[in-house]
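For reference, the structure discussed in these notes is given below.
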Amino acid sequence: MHIDFQNQTVVVTGAARGIGRAIAAGFVARGALVYACDILEPELRESQALAEELGNGRMVVRVVNVRDRDAMQALVREAADTAAGAIDVAIHAAGGVLGQVRQPLTSVTADQWHSILDVNVTGAFYLSQAAAPLMAERGRGRIIVISSRAAFKTSLTGIHSYAAAKTAQLGLVRQLALELGPAGITVNGIAPGFMRTNPDAERQWEAEGADGQDEMLKRLAIRRLGRPEDIAHAAMFLASDYAEWMTGQTIQVCGAP
Ligand SMILES: NC(=O)c1ccc[n+]([C@@H]2O[C@H](COP(=O)([O-])OP(=O)(O)OC[C@H]3O[C@@H](n4cnc5c(N)ncnc54)[C@H](O)[C@@H]3O)[C@@H](O)[C@H]2O)c1
């Protein structure tokens, strides 16, 4: 199987770290023009430098908050303008727990609850709203949302809004798939298992202690933690022609059944 994205334009949110960074790099390595956004500018520039070492694609970085609908529209429009109107792939990897930690239900503030839903779910909605019309004009497109295994089980983070947001993404993916399929656009999700991609995940890993970490590894059929590249590979498959007849699905990529 040969997967290549020469002459394709890809928008990736949350590209400053971890999974989003690996996804952006994977597409650049295979020839794409990647428009990548995040709110962490220095890390985003690092992603750009790392990605452009890998292949003959190009990465343009922009500081954009995915909670800002107008800014998302502008990002996608700029990417399309650079590429004669084409947006081939839009991937929402921005999300996570935004530095929050487990708390009892009664202590969670309204802002804590809403912020995680906004970045994970509303961000995916805004990206889709911006990209889908441009994809529809050309009769082809791929939208991919990074959810979590928490959507199928419970969240290791213990954070209510994170569990709710990751599950909401499944519904959004299904609904968008139904609406956009006739326009030639597929919409799918990827649900990663736990991986050490950022300070929140690192804190969670440390809190497990040696025995807990050992247990976590034993629960994985493939006895290693996931790497961001594992998710990038799934994203590139979903974005490729090989996934043409697959839509509305969220696939678990987590080293275990
Ligand atoms: N690491 C894990 O164990 C794991 C497991 C399952 C799912 N995920 C999901 O994978 C995705 C990527 O997470 P990650 O683990 O690579 O690290 P992460 O959580 O640090 O990545 C999220 C990225 O989104 C960016 N971001 C946050 N708020 C933003 C905003 N308002 N606008 C633009 N960008 C914003 C962050 O700066 C960060 O670079 C997230 O959706 C996360 O929920 C991660």
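Ligands are numbered from 1 in the order shown, chains are lettered A, B, ... in the order of the structure tokens, and residues start at 1 in each chain.
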Contact residues around range 176-185 of chain A with only C-alpha atoms at 6 Å, ignoring same-chain residues under 6 positions, as number ranges by chain: A: 136, 139-142, 247-248
Keeping only C-alpha atoms, take the residues you just selected and write them out as an mmCIF file, in the first residue's frame.
```cif
data_model
loop_
_atom_site.group_PDB
_atom_site.id
_atom_site.type_symbol
_atom_site.label_atom_id
_atom_site.label_comp_id
_atom_site.auth_asym_id
_atom_site.auth_seq_id
_atom_site.Cartn_x
_atom_site.Cartn_y
_atom_site.Cartn_z
ATOM 1 C CA ALA A 136 -18.101 19.790 -1.406
ATOM 2 C CA GLY A 139 -16.760 16.546 -4.615
ATOM 3 C CA ARG A 140 -14.097 15.046 -2.358
ATOM 4 C CA GLY A 141 -12.858 15.500 1.193
ATOM 5 C CA ARG A 142 -11.806 13.826 4.394
ATOM 6 C CA THR A 247 -17.455 6.829 6.919
ATOM 7 C CA GLY A 248 -19.060 7.681 10.255
#
```
Filtered DSSP result for range 100-179 of chain A, state strand (DSSP E), as a ChimeraX atom specification: /A:141-146
Within 6 Å of ligand 1, counting only C-alpha atoms and all ligand atoms, residues as a ChimeraX atom specification: /A:14-20,38-40,64-67,93-96,119,146-149,192-198,201
Distance criterion (only C-alpha atoms): nearest to Val10 in chain A out of A:Ala22, A:Ala243, A:Leu44, A:Ala83: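 Of the candidates, the smallest distance to Val10 in chain A is held by A:Ala83.
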Selection: 8 Å around Ile231 in chain A, only C-alpha atoms, excl. self and same-chain fewer than 3 positions, as a VMD selection string: chain A and resid 19 22 to 23 190 192 227 to 228 234 to 235 253
Length of the CA of Leu54 in chain A to CA of Val76 in chain A vector [Å]: 23.9 Å
Test item: residues at most 8 Å from range 172-175 of chain A, only C-alpha atoms, excluding those fewer than 5 positions along its chain, as a list in words: Phe125, Val145, Val187, Asn188, Gly189, Thr247, Gly248, Gln249 and Thr250 of chain A
For the residues in the current selection, export all heavy atoms as a PDB file, in the first residue's frame.
```
ATOM      1  N   PHE A 125     -16.472  20.929  15.358  1.00  0.00           N
ATOM      2  CA  PHE A 125     -17.627  21.428  14.606  1.00  0.00           C
ATOM      3  C   PHE A 125     -17.236  22.634  13.747  1.00  0.00           C
ATOM      4  O   PHE A 125     -17.558  22.695  12.549  1.00  0.00           O
ATOM      5  CB  PHE A 125     -18.741  21.786  15.602  1.00  0.00           C
ATOM      6  CG  PHE A 125     -19.969  22.329  14.962  1.00  0.00           C
ATOM      7  CD1 PHE A 125     -20.817  21.515  14.218  1.00  0.00           C
ATOM      8  CD2 PHE A 125     -20.296  23.679  15.086  1.00  0.00           C
ATOM      9  CE1 PHE A 125     -21.952  22.025  13.608  1.00  0.00           C
ATOM     10  CE2 PHE A 125     -21.433  24.196  14.487  1.00  0.00           C
ATOM     11  CZ  PHE A 125     -22.263  23.367  13.751  1.00  0.00           C
ATOM     12  N   VAL A 145     -11.584  13.295  13.151  1.00  0.00           N
ATOM     13  CA  VAL A 145     -11.649  13.872  14.504  1.00  0.00           C
ATOM     14  C   VAL A 145     -10.926  12.928  15.469  1.00  0.00           C
ATOM     15  O   VAL A 145     -11.204  11.723  15.484  1.00  0.00           O
ATOM     16  CB  VAL A 145     -13.127  14.045  14.945  1.00  0.00           C
ATOM     17  CG1 VAL A 145     -13.204  14.561  16.370  1.00  0.00           C
ATOM     18  CG2 VAL A 145     -13.853  14.986  13.983  1.00  0.00           C
ATOM     19  N   VAL A 187     -16.264  11.259   6.883  1.00  0.00           N
ATOM     20  CA  VAL A 187     -15.981  11.805   8.219  1.00  0.00           C
ATOM     21  C   VAL A 187     -15.773  10.624   9.156  1.00  0.00           C
ATOM     22  O   VAL A 187     -16.661   9.783   9.316  1.00  0.00           O
ATOM     23  CB  VAL A 187     -17.153  12.678   8.735  1.00  0.00           C
ATOM     24  CG1 VAL A 187     -16.766  13.389  10.030  1.00  0.00           C
ATOM     25  CG2 VAL A 187     -17.577  13.691   7.684  1.00  0.00           C
ATOM     26  N   ASN A 188     -14.600  10.555   9.734  1.00  0.00           N
ATOM     27  CA  ASN A 188     -14.288   9.453  10.638  1.00  0.00           C
ATOM     28  C   ASN A 188     -13.536   9.961  11.850  1.00  0.00           C
ATOM     29  O   ASN A 188     -13.007  11.085  11.851  1.00  0.00           O
ATOM     30  CB  ASN A 188     -13.427   8.403   9.912  1.00  0.00           C
ATOM     31  CG  ASN A 188     -14.215   7.637   8.860  1.00  0.00           C
ATOM     32  OD1 ASN A 188     -15.123   6.869   9.184  1.00  0.00           O
ATOM     33  ND2 ASN A 188     -13.913   7.870   7.583  1.00  0.00           N
ATOM     34  N   GLY A 189     -13.473   9.108  12.863  1.00  0.00           N
ATOM     35  CA  GLY A 189     -12.744   9.464  14.077  1.00  0.00           C
ATOM     36  C   GLY A 189     -11.701   8.414  14.394  1.00  0.00           C
ATOM     37  O   GLY A 189     -11.737   7.290  13.894  1.00  0.00           O
ATOM     38  N   THR A 247     -17.073   5.521   6.382  1.00  0.00           N
ATOM     39  CA  THR A 247     -17.455   6.829   6.919  1.00  0.00           C
ATOM     40  C   THR A 247     -18.325   6.673   8.164  1.00  0.00           C
ATOM     41  O   THR A 247     -19.004   5.666   8.346  1.00  0.00           O
ATOM     42  CB  THR A 247     -18.139   7.703   5.842  1.00  0.00           C
ATOM     43  OG1 THR A 247     -18.139   9.064   6.301  1.00  0.00           O
ATOM     44  CG2 THR A 247     -19.567   7.268   5.524  1.00  0.00           C
ATOM     45  N   GLY A 248     -18.247   7.681   9.030  1.00  0.00           N
ATOM     46  CA  GLY A 248     -19.060   7.681  10.255  1.00  0.00           C
ATOM     47  C   GLY A 248     -18.497   6.807  11.359  1.00  0.00           C
ATOM     48  O   GLY A 248     -19.131   6.619  12.391  1.00  0.00           O
ATOM     49  N   GLN A 249     -17.288   6.277  11.133  1.00  0.00           N
ATOM     50  CA  GLN A 249     -16.700   5.335  12.098  1.00  0.00           C
ATOM     51  C   GLN A 249     -15.672   6.028  12.980  1.00  0.00           C
ATOM     52  O   GLN A 249     -14.985   6.932  12.536  1.00  0.00           O
ATOM     53  CB  GLN A 249     -16.007   4.182  11.356  1.00  0.00           C
ATOM     54  CG  GLN A 249     -16.869   3.507  10.310  1.00  0.00           C
ATOM     55  CD  GLN A 249     -18.170   2.980  10.901  1.00  0.00           C
ATOM     56  OE1 GLN A 249     -18.147   2.292  11.923  1.00  0.00           O
ATOM     57  NE2 GLN A 249     -19.283   3.326  10.286  1.00  0.00           N
ATOM     58  N   THR A 250     -15.569   5.561  14.198  1.00  0.00           N
ATOM     59  CA  THR A 250     -14.443   5.986  15.038  1.00  0.00           C
ATOM     60  C   THR A 250     -13.679   4.725  15.417  1.00  0.00           C
ATOM     61  O   THR A 250     -14.217   3.846  16.091  1.00  0.00           O
ATOM     62  CB  THR A 250     -14.929   6.742  16.288  1.00  0.00           C
ATOM     63  OG1 THR A 250     -15.559   7.971  15.857  1.00  0.00           O
ATOM     64  CG2 THR A 250     -13.760   7.094  17.206  1.00  0.00           C
TER      65      THR A 250
END
```
Give me, as a tab-separated table, the closest atom pair and its distance (Å, one decimal) for every residue of range 49-161 of chain A within a cut-off of 7 Å of range 165-171 of chain A, counting only C-alpha atoms, rows sorted by chain and rising number.
```
residue	atom	partner	partner_atom	distance
A:Leu117	CA	A:Ala165	CA	5.2
A:Asn120	CA	A:Ala165	CA	6.2
A:Val121	CA	A:Ala165	CA	5.9
A:Ser147	CA	A:Lys166	CA	5.1
A:Ser148	CA	A:Lys166	CA	5.8
A:Ala150	CA	A:Lys166	CA	6.7
A:Ala151	CA	A:Thr167	CA	4.3
A:Ser161	CA	A:Ala165	CA	5.8
```
Residue contacts of range 49-52 of chain A (10 Å, only C-alpha atoms) excluding same-chain residues fewer than 3 positions away, as an MDAnalysis selection string: chainID A and resid 21:29 31 34 43:46 55:59
Those same residues, written as a tab-separated table (two decimals), in the first residue's frame with all heavy atoms?
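Written output follows (out_8.tsv):
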```tsv
chain	number	residue	atom	x	y	z
A	21	ARG	N	1.03	17.01	16.27
A	21	ARG	CA	2.36	17.22	15.67
A	21	ARG	C	2.73	16.03	14.77
A	21	ARG	O	3.20	16.21	13.65
A	21	ARG	CB	3.41	17.39	16.77
A	21	ARG	CG	4.81	17.40	16.25
A	21	ARG	CD	5.84	17.53	17.34
A	21	ARG	NE	5.97	18.91	17.81
A	21	ARG	CZ	6.89	19.32	18.68
A	21	ARG	NH1	7.74	18.45	19.20
A	21	ARG	NH2	6.95	20.59	19.06
A	22	ALA	N	2.51	14.82	15.26
A	22	ALA	CA	2.88	13.63	14.48
A	22	ALA	C	2.03	13.53	13.21
A	22	ALA	O	2.51	13.12	12.15
A	22	ALA	CB	2.71	12.37	15.32
A	23	ILE	N	0.76	13.90	13.33
A	23	ILE	CA	-0.12	13.87	12.15
A	23	ILE	C	0.38	14.88	11.10
A	23	ILE	O	0.54	14.54	9.92
A	23	ILE	CB	-1.58	14.16	12.54
A	23	ILE	CG1	-2.15	12.98	13.35
A	23	ILE	CG2	-2.43	14.45	11.31
A	23	ILE	CD1	-3.54	13.24	13.93
A	24	ALA	N	0.64	16.10	11.55
A	24	ALA	CA	1.12	17.12	10.61
A	24	ALA	C	2.41	16.65	9.94
A	24	ALA	O	2.57	16.74	8.72
A	24	ALA	CB	1.34	18.44	11.34
A	25	ALA	N	3.32	16.09	10.74
A	25	ALA	CA	4.61	15.64	10.20
A	25	ALA	C	4.42	14.50	9.20
A	25	ALA	O	5.09	14.45	8.16
A	25	ALA	CB	5.52	15.19	11.34
A	26	GLY	N	3.49	13.60	9.50
A	26	GLY	CA	3.25	12.47	8.60
A	26	GLY	C	2.79	12.93	7.23
A	26	GLY	O	3.23	12.40	6.20
A	27	PHE	N	1.90	13.92	7.22
A	27	PHE	CA	1.41	14.42	5.93
A	27	PHE	C	2.49	15.21	5.18
A	27	PHE	O	2.61	15.09	3.96
A	27	PHE	CB	0.15	15.27	6.12
A	27	PHE	CG	-1.10	14.44	6.31
A	27	PHE	CD1	-1.53	14.07	7.57
A	27	PHE	CD2	-1.83	14.00	5.22
A	27	PHE	CE1	-2.67	13.29	7.76
A	27	PHE	CE2	-2.96	13.22	5.38
A	27	PHE	CZ	-3.39	12.87	6.65
A	28	VAL	N	3.27	16.01	5.92
A	28	VAL	CA	4.35	16.75	5.27
A	28	VAL	C	5.36	15.77	4.68
A	28	VAL	O	5.83	15.94	3.55
A	28	VAL	CB	5.05	17.70	6.28
A	28	VAL	CG1	6.32	18.30	5.68
A	28	VAL	CG2	4.10	18.82	6.70
A	29	ALA	N	5.63	14.70	5.42
A	29	ALA	CA	6.60	13.70	4.94
A	29	ALA	C	6.13	13.05	3.64
A	29	ALA	O	6.94	12.56	2.86
A	29	ALA	CB	6.83	12.64	6.00
A	31	GLY	N	4.37	14.66	1.31
A	31	GLY	CA	4.23	15.62	0.22
A	31	GLY	C	3.14	16.66	0.34
A	31	GLY	O	2.99	17.50	-0.54
A	34	VAL	N	0.59	21.42	4.54
A	34	VAL	CA	-0.17	21.32	5.79
A	34	VAL	C	-0.30	22.70	6.43
A	34	VAL	O	0.70	23.38	6.67
A	34	VAL	CB	0.52	20.35	6.78
A	34	VAL	CG1	-0.19	20.36	8.14
A	34	VAL	CG2	0.55	18.93	6.22
A	43	GLU	N	6.07	25.94	20.34
A	43	GLU	CA	5.99	24.49	20.07
A	43	GLU	C	5.51	24.23	18.64
A	43	GLU	O	5.94	23.28	18.00
A	43	GLU	CB	5.04	23.81	21.06
A	43	GLU	CG	5.55	23.77	22.50
A	43	GLU	CD	5.18	25.00	23.31
A	43	GLU	OE1	4.81	26.04	22.72
A	43	GLU	OE2	5.25	24.93	24.55
A	44	LEU	N	4.64	25.11	18.17
A	44	LEU	CA	4.14	24.97	16.80
A	44	LEU	C	5.29	25.16	15.80
A	44	LEU	O	5.41	24.42	14.82
A	44	LEU	CB	3.06	26.04	16.59
A	44	LEU	CG	2.08	25.91	15.46
A	44	LEU	CD1	1.43	24.54	15.41
A	44	LEU	CD2	1.01	27.00	15.60
A	45	ARG	N	6.15	26.12	16.09
A	45	ARG	CA	7.31	26.36	15.21
A	45	ARG	C	8.26	25.16	15.25
A	45	ARG	O	8.86	24.80	14.24
A	45	ARG	CB	8.05	27.64	15.60
A	45	ARG	CG	7.16	28.86	15.49
A	45	ARG	CD	7.80	29.99	14.67
A	45	ARG	NE	6.78	30.98	14.36
A	45	ARG	CZ	6.11	31.05	13.22
A	45	ARG	NH1	6.37	30.21	12.25
A	45	ARG	NH2	5.17	31.96	13.03
A	46	GLU	N	8.38	24.56	16.43
A	46	GLU	CA	9.21	23.34	16.53
A	46	GLU	C	8.61	22.23	15.67
A	46	GLU	O	9.33	21.50	14.99
A	46	GLU	CB	9.19	22.82	17.98
A	46	GLU	CG	10.46	23.00	18.76
A	46	GLU	CD	10.24	22.53	20.19
A	46	GLU	OE1	9.95	21.34	20.39
A	46	GLU	OE2	10.34	23.38	21.10
A	55	GLY	N	10.31	15.49	4.79
A	55	GLY	CA	9.86	15.17	3.43
A	55	GLY	C	9.75	16.40	2.57
A	55	GLY	O	10.16	17.50	2.94
A	56	ASN	N	9.12	16.23	1.44
A	56	ASN	CA	9.09	17.33	0.46
A	56	ASN	C	7.81	18.15	0.53
A	56	ASN	O	7.55	18.96	-0.33
A	56	ASN	CB	9.31	16.78	-0.95
A	56	ASN	CG	8.25	15.77	-1.31
A	56	ASN	OD1	7.43	15.42	-0.44
A	56	ASN	ND2	8.25	15.30	-2.54
A	57	GLY	N	7.01	17.91	1.57
A	57	GLY	CA	5.83	18.75	1.76
A	57	GLY	C	6.21	20.05	2.44
A	57	GLY	O	7.39	20.35	2.63
A	58	ARG	N	5.18	20.82	2.82
A	58	ARG	CA	5.44	22.12	3.44
A	58	ARG	C	4.44	22.31	4.57
A	58	ARG	O	3.31	21.81	4.50
A	58	ARG	CB	5.25	23.21	2.38
A	58	ARG	CG	5.78	24.57	2.78
A	58	ARG	CD	6.02	25.42	1.54
A	58	ARG	NE	4.78	25.84	0.88
A	58	ARG	CZ	4.09	26.94	1.22
A	58	ARG	NH1	4.47	27.72	2.21
A	58	ARG	NH2	2.99	27.26	0.55
A	59	MET	N	4.88	23.01	5.60
A	59	MET	CA	3.97	23.25	6.73
A	59	MET	C	3.91	24.75	7.02
A	59	MET	O	4.94	25.39	7.20
A	59	MET	CB	4.49	22.49	7.95
A	59	MET	CG	3.62	22.59	9.17
A	59	MET	SD	3.99	21.19	10.26
A	59	MET	CE	3.42	21.81	11.82
```
Best match for closeness to Ala164 in chain A among A:Ala90, A:Ile143, A:Val97, A:Met72, counting only C-alpha atoms: A:Val97
